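Enquirer: Quick one: the structure is below, and I'll ask about it shortly.
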Amino acid sequence: MSGWPKNPHQLGKDHLRYDGPIKVRGAAKYASDMQPAGWLYGMILRSPWPAARVRAIDLRPALGIPGIRAAVTANDPPFNVRYCGEELGAVAGLSKQACLDALSAIKVEADILPFVVKEEVALRDTSPRVFENQPNAGEPREMRTGDVDGAFRSADKAVEGFFQTPVQLHHCLETHGNTIQMRSDGITCWASTQGISSVSDGLADNLGISLDKVHVISEFMGGGFGSKYGAGIEGGLAARLSKEAGGLPVRLMLTRFDEALAVGNRPSSFQKVRLGAKKDGTLVAYELESFGTAGYASGGTTAGGGGGAGFPAPYIYTVPSTRVRQTSVAINAGSARAMRAPGHPQASFGMESILDEMALALSIDPVELRIKNDPSETRRRQYRIAAERFGWNAKYHSPGSSQGPLKTGVGCAGATWGGGGQGSEAEVKINPDGSVEVRCGTQDLGTGTKTLMTIVAAELFGLEPADVSVKIGDTTLPPSGGSGGSTTAASVAPAVFDACQTALGELASASGISDPRGSNWRAAAAHLRIKPIVARGRWKEGLSGRGVGGVQMAEVEVDTETGLVRVKRIVCVQDCGLVVNRLASVSQINGGIIMGIGFALYEERILDSQTGVVLNPNFETYKLPGAADVPEIDVILQDMPERGVIGIGEPVTIPTAAAIANAVSNAAGKRVTRLPITPSHVLGLLEQPPQIR
Amino acid sequence: MEEEISRRNFLRGVGASAVAGALAKAAAAAQSVESLDDQKPVGPEPEKLVLRVNGSKYEVEVEPRVTLLDVLRNRLQLTGAKEVCDRATCGACTVLLNGQPVYSCMKLAMEVQTQEITTIEGLGTPNNLTPIQRAFVECDAMMCGYCTPGFVMSLTALFSAKSNPTVEEIKKACSGNLCRCGTYPHIFKAAQRVAESGQSTT
Amino acid sequence: MKNFEYARARSVDGAIQLSTPGSRYLAGGIDLLGEMKEYIVSPKRVIDLKLIPDLGRIDTSSSTWKLGANVTIAEIAKSEPIRATLPGLAEAASEVGSPQIRNVATLGGNLAQHSRCWYYRHRDLHCLKRGGATCYAREGENKYHSLFSGNPCVSPVVSNLAVILAALDAKVSLRRGDKEVQLTVPELYSDAWGNPLAHNSLQPGDLIVHVEIPTPKNRSTYLQVSEKSDFDWALVSCAAAGRKTGDRWFEVSVFLGAVAPIPYRVESPLIERGELSSAAIGSISQSLASQATPLAHNGYKVPIAQALIRRALTRIVS
Ligand SMILES: Cc1cc2nc3c(=O)[nH]c(=O)nc-3n(C[C@H](O)[C@H](O)[C@H](O)COP(=O)(O)OP(=O)(O)OC[C@H]3O[C@@H](n4cnc5c(N)ncnc54)[C@H](O)[C@@H]3O)c2cc1C
Ligand code: SF4
Ligand code: FES
Ligand code: FES
């Protein structure tokens with residue numbers, strides 16, 4: 001049913017990255033590398049208080065520091081700040097050192113207010129409020145189906161548990177920020193962004209100028225993971241600094257410290273879950289009461305990627321009777337943003353954990369229990385494939401039963417993701433010398449969008465990807481959407497396809513060669529003499545799909561004396577529709593899994609109740625997975641070309657933590673109840689002798 | 001594509017020899033240290049100093065508190081080394097100092113006068129990538145690419161010390177570099193490919 | 001980071017001469033520049049020690065080895081004589097930070113490094129150790145903190161090298177003004193046991209010149225447990241060393257790191273008597289539990305410390 005060629009010669013093969021050579025030489029220029037003539041260094045002053053009323057900000061001492069060219073306040077005092085790290089003002093100057101001195105010189109008068117940074121404390125009526133006129137707990141989101149109490153009564157077994165996930169930070173390696181030049185005739189912004197068009201919309205809006213005066217460029221960007229739409233408050237500040245400095249460009253990139261405070265995170269979750277099933281494993285009843293925080297703006301429309309700290313429940317499973325109540329609670333901390341599959345990893349951890357408890361209670365193999373209850377035919381098949389590759393039947397054992405202090409365990413989990421394409425446009429230019437350029441106003445987050453465009457064009461033209469050049473990341477190019485929700489490949493590939501199809505038709509008629517592809521290409525193009533073909537295309541139905549399933553299995557080793565967990569192996573079976581570039585797809589899946597390992601074992605933003613600060617605003621104590629933490633990863637791509645192109649950036653990060661948590665529980669003989677699974681947590685679980693079931 | 005990648009070129013690159021050269025120059029550098037002023041404090045005002053980067057000499061005028069990374073990126077426009085953490089934790093700022101990988105965010109420019117500094121810009125040329133750079137391209141060992149220069153520097157140092165390291169040694173050599181995109185498996189593959197080719201040429 | 005005056009010392013005497021009340025020594029800079037970037041310290045003068053001749057030498061010519069203060073951690077980890085004779089020291093060095101850190105960080109700097117407590121290191125906080133009124137960690141987030149302390153500050157010693165050098169009975173030679181002073185490793189940290197403001201017993205201007213390590217102890221090892229698999233601080237570390245002659249053990253010592261402001265000596269009559277049967281090792285490790293006074297979030301360090309004591313002793317025995 002898909003319009004893609006049945007026997008492709010480029011699609012689905014391993015292709016080298018278009019911009020690999022320039023990246024390995026350090027020659028790729030990111031927003032943070034831009035140094036247009038006269039550029040100034042920019043830095044932001046942030047609130048050291050979790051809650052305060054700012055009465056006055058005196059910028060004059062900053063302006064007196066040698067080398068400082070501009071200083072602005074983030075708001076006109078008086079105003080309130082609601083978390084440590086909220087913007088107070090910004091400076092621009094000739095060097096980082098001048099800016100640092102200027103930030104220290106700014107005088108801020110503020111009245112410090114009471115604050116709250118722990119979710120469970122914020123829920124209490126007696127706790128300080130983040131916003132004076134509203135309770136910290138938002139209106140709960142409630143959903144019901146069927147008669148839950150009756151269903152629990154009719155169930156043969158019921159199990160329950162309490163599960164917690166921490167706030168996870170995006171920590172893209174390139175920090176948030178822009179290099180911005182604001183002149184009277186318009187604004188140029190080199191942005192580190194997932195959406196050049198949302199950056200230009202935001203800047204136009206923020207500065208009250210018309211959209212056609214805003215030029216946004218993002219040829220390379222150093223990671224986003226959902227946190228880099230719009231120009232951000234930092235973009236607005238940089239533009240104002242540039243204006244104030246007489247139109248000199250300002251490069252304002254955040255520091256790593258700033259990244260931990262102010263530019264998004266994955267909301268926390270505290271989940272009380274109850275599950276009821278029949279003897280044969282059929283799930284009949286499910287109840288969830290959860291709360292979590294998306295930061296000070298919890299409950300706001302964009303917090304947490306839409307809707308605060310909620311998440312899908314009972315995740316991928318259908319249970320006839322369910323009762324769900326989810327509350328987002330505001331605390332004095334930076335706001336959440338969409339983070340790689342918003343809501344899903346939290347949902348997966350709670351649901352897959354309680355499912356494993358049920359499997360134990362019913363003495364049913366965990367994989368079989370999933371196959372019995374998972375409504376997706378794709379995933380049911382994937383479980384069989386994964387089990388075979390993983391050796392599940394041989395490896396699964398009853399909890400805690402492996403001998404010695406070093407215990408092994410296995411676990412599994414499944415996931416879903418929507419993705420899907422949307423209205424991107426693209427343009428292709430065929431030159432008389434046969435060279436081809438594809439252009440699209442999208443951006444490449446490291447997912448290989450540029451490469452994908454060359455592959456699609458090469459496929460349609462019977463050329464090699466190396467014969468095609470690409471232009472992206474510029475708002476003067478044909479518009480495309482933001483890169484989020486795993487939609488880029490599914491949006492851009494069909495648009496390029498469409499443009500190339502049109503161009504091919506035009507080339508055929510211009511050259512009189514009915515099939516100008518492949519070996520005819522140069523001859524056909526030569527007929528164009530001096531007039532290149534330029535054809536536009538747009539995304540259309542039938543070339544992209546949405547909705548993917550995937551399952552993962554994890555094998556771990558737990559040192560029960562030290563609590564140390566090591567992931568030995570992950571097997572991932574992922575449905576991905578039509579694969580365009582196998583090499584890049586596998587790499588992206590590896591990356592999703594590794595980020596999932598971080599969520600499972602290492603990552604947690606830690607706030608201090610006494611001072612309200614983030615205690616680990618660095619990579620020393622906010623721990624990201626490193627080389628030695630990476631297990632053997634076995635990726636099985638389940639090609640379904642008939643479904644068209646589907647993005648896979650997000651689904652693959654979802655089930656990893658749940659599978660690992662189940663594997664650790666299987667090894668230790670105790671249920672893991674929180675992430676990250678640190679030695680402290682494991683030893684806490686093991687304080688009592690292992691449960692005998 | 002920017003360039004043609006062939007197996008033959010891949011084996012022939014210049015990375016290791018560039019590093020060996022740096023080591024030799026380091027010895028020479030140690031002598032010229034004597035010419036630095038004896039014990040006289042400088043600063044806090046900006047002070048002229050000469051840095052030797054990728055075989056060229058650069059004169060800059062900086063305050064003592066300015067880091068090598070700051071000078072490379074913001075004064076010399078050598079932006080391959082990235083500022084990611086500025087605290088010795090991520091490796092994106094890795095450069096070679098007399099052939100050894102170091103975090104340039106934790107070195108004052110003053111400290112490294114007369115020493116031989118190699119940055120990613122000093123490794124390959126568009127038409128002649130080093131074996132490690134080439135293997136990175138061939139194994140797709142980067143996604144967003146922001147961490148890539150740092151990993152290339154760390155592995156360049158590894159291979160100049162040892163031509164056929166084990167996977168464990170490769171992981172150890174990369175342990176001071178973080179990749180948030182999670183490209184590690186392909187990075188290991190790239191390094192192993194170099195290790196194998198190293199064996200085949202010795 | 002605030003600006004400062006920069007000077008290069010060309011000799012030990014020169015360093016002492018350059019030293020002023022507001023000055024700090026700079027070796028690898030991994031610790032000092034970190035503190036300066038957070039405005040924890042803002043020295044008026046920074047004295048670079050790296051050009052002092054002889055401080056970078058490993059001298060194994062007599063039975064007491066001399067390691068200069070500027071010897072890098074990478075050099076210690078890679079040194080063939082050290083790996084052969086003092087394997088525990090090489091092991092401890094190879095677990096310090098990352099290759100890039102080990103290439104520049106020095107023996108002297110590693111021993112003299114300051115607290116890594118996340119309250120202490122936070123730009124915007126002023127805890128007791130920074131001259132403020134309270135220790136936040138005691139009632140706050142203390143999973144990385146001490147099980148033992150003689151003062152209100154519970155920031156533990158985190159130098160890997162301190163722990164193994166304590167077990168090896170090393171002595172640290174200092175220049176204190178005109179005087180040469182020698183301290184044992186426990187003495188180098190003893191001030192931190194009782195004084196919340198102290199990171200160690202060094203006085204302003206004290207210069208570590210070298211470390212002397214006697215080599216009769218023919219068995220040594222160092223083990224640590226961290227959250228990550230590599231490039232991570234020890235939650236707990238343990239060093240054990242002793243001299244084995246025939247079947248008999250002499251001068252056995254076991255130290256723990258990251259559990260106290262000082263390298264914490266595991267004391268037991270069994271250790272003193274050199275009894276290292278597996279039963280004896282078990283009861284040595286067992287005895288630790290009764291001595292520790294865990295805080296709200298660091299009790300898990302006790303079983304880790306016990307496991308490491310068992311493993312370290314088992315390793316030197318086998
Ligand atoms: C991310 C990270 C991870 C780390 N992990 C570990 C780890 O796992 N284990 C570990 O042990 N360490 C670890 N460290 C600490 C690191 O090893 C030390 O910071 C380093 O060894 C300090 O040595 P340096 O030469 O860089 O000292 P510097 O930073 O130059 O100096 C440190 C201190 O010692 C003083 N000093 C230096 N030399 C002398 C001297 N000769 N006499 C008197 N005073 C002197 C300085 O004034 C300063 O106060 C880590 C550090 C970081 C940033
Ligand atoms: S443990 Fe020490 S360093 Fe940490 S907060 Fe308390 S006083 Fe400060
Ligand atoms: S920027 Fe230097 S190590 Fe991160
Ligand atoms: S490729 Fe993006 S951080 Fe490594």
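Going through the structure tokens in order, the chains are called A, B, and so on, while each chain numbers its residues from 1 and the ligands are numbered from 1 in the order shown.
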Could the residues of chain C that have an atom at most 8 Å from ligand 1 be listed as a tab-separated table, each with its closest atom pair and the distance in Å to one decimal, counting only C-alpha atoms and all ligand atoms and ordered by chain and ascending residue number?

Expert:
residue	atom	partner	partner_atom_place_in_ligand_line	distance
C:Arg24	CA	ligand 1	47 (O)	4.6
C:Tyr25	CA	ligand 1	47 (O)	3.8
C:Leu26	CA	ligand 1	30 (O)	4.0
C:Ala27	CA	ligand 1	30 (O)	3.3
C:Gly28	CA	ligand 1	26 (O)	3.2
C:Gly29	CA	ligand 1	29 (O)	3.3
C:Ile30	CA	ligand 1	26 (O)	3.7
C:Asp31	CA	ligand 1	29 (O)	3.4
C:Leu32	CA	ligand 1	29 (O)	3.8
C:Leu33	CA	ligand 1	29 (O)	6.2
C:Gly34	CA	ligand 1	53 (C)	7.0
C:Leu49	CA	ligand 1	41 (N)	7.1
C:Ala69	CA	ligand 1	41 (N)	5.1
C:Asn70	CA	ligand 1	41 (N)	6.7
C:Thr72	CA	ligand 1	25 (O)	7.3
C:Ile73	CA	ligand 1	21 (O)	7.2
C:Ala92	CA	ligand 1	11 (O)	7.9
C:Ala93	CA	ligand 1	11 (O)	7.5
C:Glu95	CA	ligand 1	8 (O)	5.9
C:Val96	CA	ligand 1	7 (C)	3.9
C:Gly97	CA	ligand 1	5 (N)	3.7
C:Ser98	CA	ligand 1	3 (C)	7.1
C:Ile101	CA	ligand 1	17 (O)	6.7
C:Arg102	CA	ligand 1	17 (O)	7.0
C:Val104	CA	ligand 1	26 (O)	6.2
C:Ala105	CA	ligand 1	25 (O)	3.6
C:Thr106	CA	ligand 1	25 (O)	3.6
C:Leu107	CA	ligand 1	25 (O)	6.5
C:Gly108	CA	ligand 1	41 (N)	4.4
C:Gly109	CA	ligand 1	27 (O)	3.3
C:Asn110	CA	ligand 1	21 (O)	3.3
C:Leu111	CA	ligand 1	34 (O)	7.0
C:Ala112	CA	ligand 1	34 (O)	4.1
C:Gln113	CA	ligand 1	33 (C)	4.3
C:His114	CA	ligand 1	49 (O)	6.5
C:Val158	CA	ligand 1	11 (O)	5.6
C:Ser159	CA	ligand 1	11 (O)	3.4
C:Asn160	CA	ligand 1	11 (O)	3.8
C:Leu161	CA	ligand 1	11 (O)	5.9
C:Ala162	CA	ligand 1	11 (O)	7.8
C:Leu174	CA	ligand 1	42 (N)	7.4
C:Leu202	CA	ligand 1	43 (C)	7.5
C:Gly205	CA	ligand 1	43 (C)	7.4
C:Asp206	CA	ligand 1	43 (C)	5.7
C:Leu207	CA	ligand 1	42 (N)	3.7
C:Ile208	CA	ligand 1	42 (N)	3.6
C:Val209	CA	ligand 1	41 (N)	5.7
C:His210	CA	ligand 1	41 (N)	7.8
C:Phe231	CA	ligand 1	8 (O)	6.5
C:Asp232	CA	ligand 1	8 (O)	5.5
C:Trp233	CA	ligand 1	8 (O)	4.0
C:Ala234	CA	ligand 1	8 (O)	6.0

Enquirer: Go ahead and write the selection's residues with N, CA and C atoms as a short mmCIF file (atom, residue, chain, number, x, y, z; two decimals), in the first residue's frame.

Expert:
data_model
loop_
_atom_site.label_atom_id
_atom_site.label_comp_id
_atom_site.auth_asym_id
_atom_site.auth_seq_id
_atom_site.Cartn_x
_atom_site.Cartn_y
_atom_site.Cartn_z
N ARG C 24 47.53 30.39 46.58
CA ARG C 24 47.31 28.93 46.55
C ARG C 24 48.27 28.32 45.54
N TYR C 25 48.66 27.09 45.83
CA TYR C 25 49.50 26.35 44.88
C TYR C 25 48.64 25.72 43.80
N LEU C 26 49.19 25.67 42.63
CA LEU C 26 48.51 25.03 41.49
C LEU C 26 49.38 23.90 40.97
N ALA C 27 48.80 22.71 40.98
CA ALA C 27 49.51 21.57 40.37
C ALA C 27 48.73 21.20 39.11
N GLY C 28 47.99 20.09 39.14
CA GLY C 28 47.19 19.73 37.96
C GLY C 28 46.02 20.66 37.73
N GLY C 29 45.57 21.31 38.79
CA GLY C 29 44.49 22.28 38.68
C GLY C 29 43.10 21.69 38.68
N ILE C 30 43.00 20.38 38.71
CA ILE C 30 41.67 19.74 38.61
C ILE C 30 40.81 20.12 39.81
N ASP C 31 41.39 20.20 40.95
CA ASP C 31 40.62 20.55 42.14
C ASP C 31 40.57 22.07 42.33
N LEU C 32 41.71 22.70 42.23
CA LEU C 32 41.77 24.14 42.53
C LEU C 32 40.92 24.95 41.56
N LEU C 33 41.05 24.67 40.26
CA LEU C 33 40.27 25.47 39.30
C LEU C 33 38.78 25.20 39.49
N GLY C 34 38.43 23.98 39.86
CA GLY C 34 37.02 23.67 40.14
C GLY C 34 36.50 24.54 41.28
N LEU C 49 53.28 25.06 40.41
CA LEU C 49 54.39 24.25 40.93
C LEU C 49 55.03 23.37 39.87
N ALA C 69 55.91 15.24 44.57
CA ALA C 69 54.53 15.72 44.64
C ALA C 69 53.91 15.94 43.27
N ASN C 70 54.75 16.24 42.27
CA ASN C 70 54.22 16.51 40.94
C ASN C 70 54.06 15.27 40.07
N THR C 72 52.38 12.55 38.23
CA THR C 72 50.95 12.51 37.91
C THR C 72 50.35 11.16 38.28
N ILE C 73 49.04 11.17 38.40
CA ILE C 73 48.35 9.93 38.78
C ILE C 73 48.49 8.90 37.66
N ALA C 92 44.74 1.96 42.95
CA ALA C 92 44.05 3.16 43.44
C ALA C 92 44.20 4.30 42.45
N ALA C 93 45.40 4.42 41.88
CA ALA C 93 45.64 5.51 40.92
C ALA C 93 44.80 5.30 39.66
N GLU C 95 42.01 4.14 39.29
CA GLU C 95 40.57 4.41 39.47
C GLU C 95 40.28 5.88 39.74
N VAL C 96 41.28 6.71 39.73
CA VAL C 96 41.05 8.14 39.95
C VAL C 96 40.49 8.76 38.67
N GLY C 97 39.30 9.32 38.75
CA GLY C 97 38.75 10.11 37.65
C GLY C 97 38.83 9.41 36.30
N SER C 98 39.31 10.14 35.31
CA SER C 98 39.36 9.67 33.93
C SER C 98 40.78 9.81 33.41
N ILE C 101 41.93 13.34 33.48
CA ILE C 101 42.25 13.83 34.83
C ILE C 101 43.58 13.24 35.29
N ARG C 102 43.74 11.94 35.12
CA ARG C 102 44.97 11.30 35.60
C ARG C 102 46.21 11.87 34.92
N VAL C 104 46.90 14.86 34.25
CA VAL C 104 47.38 16.14 34.79
C VAL C 104 47.38 16.18 36.32
N ALA C 105 46.45 15.44 36.94
CA ALA C 105 46.33 15.50 38.40
C ALA C 105 47.58 14.88 39.03
N THR C 106 48.01 15.47 40.13
CA THR C 106 49.27 15.07 40.75
C THR C 106 49.05 14.40 42.10
N LEU C 107 50.09 13.73 42.53
CA LEU C 107 50.08 13.09 43.83
C LEU C 107 49.81 14.12 44.93
N GLY C 108 50.55 15.24 44.89
CA GLY C 108 50.38 16.26 45.93
C GLY C 108 48.98 16.83 45.92
N GLY C 109 48.50 17.15 44.73
CA GLY C 109 47.16 17.72 44.61
C GLY C 109 46.08 16.74 45.03
N ASN C 110 46.28 15.48 44.72
CA ASN C 110 45.28 14.48 45.10
C ASN C 110 45.18 14.38 46.62
N LEU C 111 46.32 14.41 47.29
CA LEU C 111 46.30 14.32 48.75
C LEU C 111 45.74 15.60 49.37
N ALA C 112 46.01 16.73 48.73
CA ALA C 112 45.61 18.02 49.33
C ALA C 112 44.24 18.49 48.85
N GLN C 113 43.55 17.71 48.02
CA GLN C 113 42.28 18.17 47.46
C GLN C 113 41.26 18.42 48.57
N HIS C 114 40.31 19.25 48.24
CA HIS C 114 39.31 19.67 49.22
C HIS C 114 38.04 18.84 49.12
N VAL C 158 38.07 11.86 50.11
CA VAL C 158 37.74 11.15 48.87
C VAL C 158 38.96 10.83 48.02
N SER C 159 40.13 11.16 48.52
CA SER C 159 41.33 10.86 47.75
C SER C 159 41.59 9.36 47.76
N ASN C 160 41.61 8.77 46.58
CA ASN C 160 41.92 7.34 46.49
C ASN C 160 43.32 7.07 47.05
N LEU C 161 44.24 7.99 46.71
CA LEU C 161 45.63 7.73 47.07
C LEU C 161 45.84 7.78 48.57
N ALA C 162 45.07 8.65 49.25
CA ALA C 162 45.23 8.75 50.70
C ALA C 162 44.97 7.39 51.36
N LEU C 174 56.83 17.64 53.89
CA LEU C 174 56.37 18.99 53.59
C LEU C 174 57.47 19.99 53.82
N LEU C 202 47.16 20.45 56.55
CA LEU C 202 48.11 21.41 55.97
C LEU C 202 47.79 22.81 56.44
N GLY C 205 50.37 27.73 52.99
CA GLY C 205 51.77 27.83 52.59
C GLY C 205 52.54 26.53 52.67
N ASP C 206 51.98 25.54 53.37
CA ASP C 206 52.65 24.24 53.43
C ASP C 206 52.77 23.67 52.02
N LEU C 207 53.94 23.15 51.71
CA LEU C 207 54.16 22.60 50.39
C LEU C 207 54.52 21.11 50.51
N ILE C 208 53.71 20.27 49.91
CA ILE C 208 54.06 18.85 49.87
C ILE C 208 55.20 18.70 48.86
N VAL C 209 56.31 18.09 49.31
CA VAL C 209 57.46 17.96 48.43
C VAL C 209 57.52 16.55 47.84
N HIS C 210 57.41 15.59 48.71
CA HIS C 210 57.33 14.23 48.19
C HIS C 210 56.68 13.31 49.21
N PHE C 231 34.95 6.05 35.94
CA PHE C 231 34.92 7.50 36.10
C PHE C 231 33.81 7.92 37.07
N ASP C 232 33.92 7.43 38.27
CA ASP C 232 32.96 7.82 39.30
C ASP C 232 33.67 7.74 40.64
N TRP C 233 33.24 8.60 41.54
CA TRP C 233 33.82 8.59 42.87
C TRP C 233 33.46 7.30 43.59
N ALA C 234 34.32 6.92 44.52
CA ALA C 234 34.03 5.75 45.34
C ALA C 234 32.92 6.10 46.34
#

Enquirer: Write out as a list in words the residues lying within 8 Å of Ile213 in chain C, counting only C-alpha atoms and excluding same-chain residues fewer than 4 positions away.

Expert: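 Near Ile213 in chain C, the qualifying residues are Thr64, Trp65, Lys66, Leu67, Leu165, Leu168, Asp169, Ala170 and Lys171 of chain C.
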
Enquirer: Print the selection's residues with N, CA, C and O atoms to a file, as a short mmCIF file (atom, residue, chain, number, x, y, z; two decimals), in the first residue's frame.

Expert:
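This went into part.cif:
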data_model
loop_
_atom_site.label_atom_id
_atom_site.label_comp_id
_atom_site.auth_asym_id
_atom_site.auth_seq_id
_atom_site.Cartn_x
_atom_site.Cartn_y
_atom_site.Cartn_z
N THR C 64 63.05 2.61 50.73
CA THR C 64 61.94 3.55 50.88
C THR C 64 61.86 4.37 49.60
O THR C 64 62.79 5.09 49.26
N TRP C 65 60.73 4.21 48.90
CA TRP C 65 60.60 4.90 47.61
C TRP C 65 60.15 6.33 47.83
O TRP C 65 59.41 6.62 48.77
N LYS C 66 60.63 7.19 46.91
CA LYS C 66 60.26 8.60 47.00
C LYS C 66 59.50 9.02 45.75
O LYS C 66 60.05 8.94 44.65
N LEU C 67 58.28 9.46 45.95
CA LEU C 67 57.49 9.95 44.83
C LEU C 67 57.31 11.46 44.98
O LEU C 67 56.75 11.92 45.98
N LEU C 165 47.85 4.92 50.54
CA LEU C 165 49.11 5.35 51.13
C LEU C 165 49.07 5.20 52.65
O LEU C 165 50.09 4.91 53.28
N LEU C 168 49.88 1.70 53.32
CA LEU C 168 51.29 1.39 53.03
C LEU C 168 52.25 2.10 53.99
O LEU C 168 53.46 2.07 53.80
N ASP C 169 51.71 2.77 55.02
CA ASP C 169 52.52 3.49 56.01
C ASP C 169 53.39 4.57 55.38
O ASP C 169 54.54 4.81 55.80
N ALA C 170 52.86 5.21 54.37
CA ALA C 170 53.64 6.25 53.69
C ALA C 170 53.77 7.48 54.59
O ALA C 170 52.95 7.71 55.48
N LYS C 171 54.82 8.26 54.31
CA LYS C 171 55.01 9.52 55.03
C LYS C 171 55.06 10.66 54.01
O LYS C 171 55.66 10.52 52.94
#

Enquirer: Using only C-alpha atoms and all ligand atoms, which residues of chain B come within 6 Å of ligand 4, and what is the closest atom pair for each, with the distance in Å to one decimal? Give it as JSON lines, sorted by chain and residue number.

Expert:
{"residue": "B:Met142", "atom": "CA", "partner": "ligand 4", "partner_atom_place_in_ligand_line": "1 (S)", "distance": 4.5}
{"residue": "B:Met143", "atom": "CA", "partner": "ligand 4", "partner_atom_place_in_ligand_line": "1 (S)", "distance": 3.9}
{"residue": "B:Cys144", "atom": "CA", "partner": "ligand 4", "partner_atom_place_in_ligand_line": "2 (Fe)", "distance": 3.9}
{"residue": "B:Gly145", "atom": "CA", "partner": "ligand 4", "partner_atom_place_in_ligand_line": "1 (S)", "distance": 4.1}
{"residue": "B:Tyr146", "atom": "CA", "partner": "ligand 4", "partner_atom_place_in_ligand_line": "2 (Fe)", "distance": 5.2}
{"residue": "B:Cys147", "atom": "CA", "partner": "ligand 4", "partner_atom_place_in_ligand_line": "4 (Fe)", "distance": 4.3}
{"residue": "B:Thr148", "atom": "CA", "partner": "ligand 4", "partner_atom_place_in_ligand_line": "4 (Fe)", "distance": 6.0}
{"residue": "B:Cys179", "atom": "CA", "partner": "ligand 4", "partner_atom_place_in_ligand_line": "4 (Fe)", "distance": 3.6}
{"residue": "B:Arg180", "atom": "CA", "partner": "ligand 4", "partner_atom_place_in_ligand_line": "3 (S)", "distance": 4.2}
{"residue": "B:Cys181", "atom": "CA", "partner": "ligand 4", "partner_atom_place_in_ligand_line": "2 (Fe)", "distance": 4.2}
{"residue": "B:Thr183", "atom": "CA", "partner": "ligand 4", "partner_atom_place_in_ligand_line": "1 (S)", "distance": 5.9}

Enquirer: Create the file for the chosen residues now, containing N, CA, C and O atoms and written as a tab-separated table (two decimals), in the first residue's frame.

Expert:
chain	number	residue	atom	x	y	z
B	142	MET	N	28.90	8.71	15.19
B	142	MET	CA	28.45	9.99	15.76
B	142	MET	C	26.99	10.18	15.43
B	142	MET	O	26.50	9.65	14.43
B	143	MET	N	26.30	10.89	16.30
B	143	MET	CA	24.95	11.32	15.97
B	143	MET	C	24.97	12.84	15.88
B	143	MET	O	25.35	13.39	14.86
B	144	CYS	N	24.63	13.53	16.98
B	144	CYS	CA	24.64	14.99	16.86
B	144	CYS	C	26.05	15.50	16.59
B	144	CYS	O	26.25	16.55	16.03
B	145	GLY	N	27.04	14.75	17.03
B	145	GLY	CA	28.42	15.09	16.71
B	145	GLY	C	29.09	16.04	17.69
B	145	GLY	O	30.26	16.37	17.51
B	146	TYR	N	28.38	16.44	18.71
B	146	TYR	CA	28.95	17.46	19.60
B	146	TYR	C	30.09	16.88	20.45
B	146	TYR	O	31.03	17.58	20.79
B	147	CYS	N	29.96	15.61	20.80
B	147	CYS	CA	31.00	14.96	21.61
B	147	CYS	C	32.13	14.43	20.76
B	147	CYS	O	33.16	14.01	21.27
B	148	THR	N	31.90	14.35	19.44
B	148	THR	CA	32.79	13.59	18.55
B	148	THR	C	34.25	14.04	18.58
B	148	THR	O	35.15	13.20	18.72
B	179	CYS	N	28.80	10.80	25.84
B	179	CYS	CA	28.00	11.01	24.64
B	179	CYS	C	26.54	10.87	25.04
B	179	CYS	O	26.10	9.78	25.38
B	180	ARG	N	25.80	11.96	25.02
B	180	ARG	CA	24.41	11.89	25.45
B	180	ARG	C	23.52	11.22	24.40
B	180	ARG	O	22.48	10.69	24.73
B	181	CYS	N	23.95	11.28	23.14
B	181	CYS	CA	23.17	10.58	22.11
B	181	CYS	C	23.32	9.07	22.25
B	181	CYS	O	22.54	8.32	21.66
B	183	THR	N	26.07	7.07	21.37
B	183	THR	CA	26.69	6.49	20.18
B	183	THR	C	27.76	5.46	20.52
B	183	THR	O	28.39	4.90	19.63

Enquirer: Just need the residues of chain C within 6 Å of chain B, counting only C-alpha atoms, so spit them out as a ChimeraX atom specification.

Expert: /C:3-9,98,100

Enquirer: Export C-alpha atoms of the chosen residues as a CSV table (one decimal), in the first residue's frame?

Expert:
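So again_36.csv came out as:
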chain,number,residue,atom,x,y,z
C,3,ASN,CA,41.1,37.1,38.5
C,4,PHE,CA,44.5,36.6,40.2
C,5,GLU,CA,48.2,37.0,39.8
C,6,TYR,CA,50.0,34.0,38.3
C,7,ALA,CA,53.5,33.0,39.2
C,8,ARG,CA,55.7,30.1,38.4
C,9,ALA,CA,57.8,28.6,41.1
C,98,SER,CA,39.4,9.7,33.9
C,100,GLN,CA,42.3,13.2,31.1
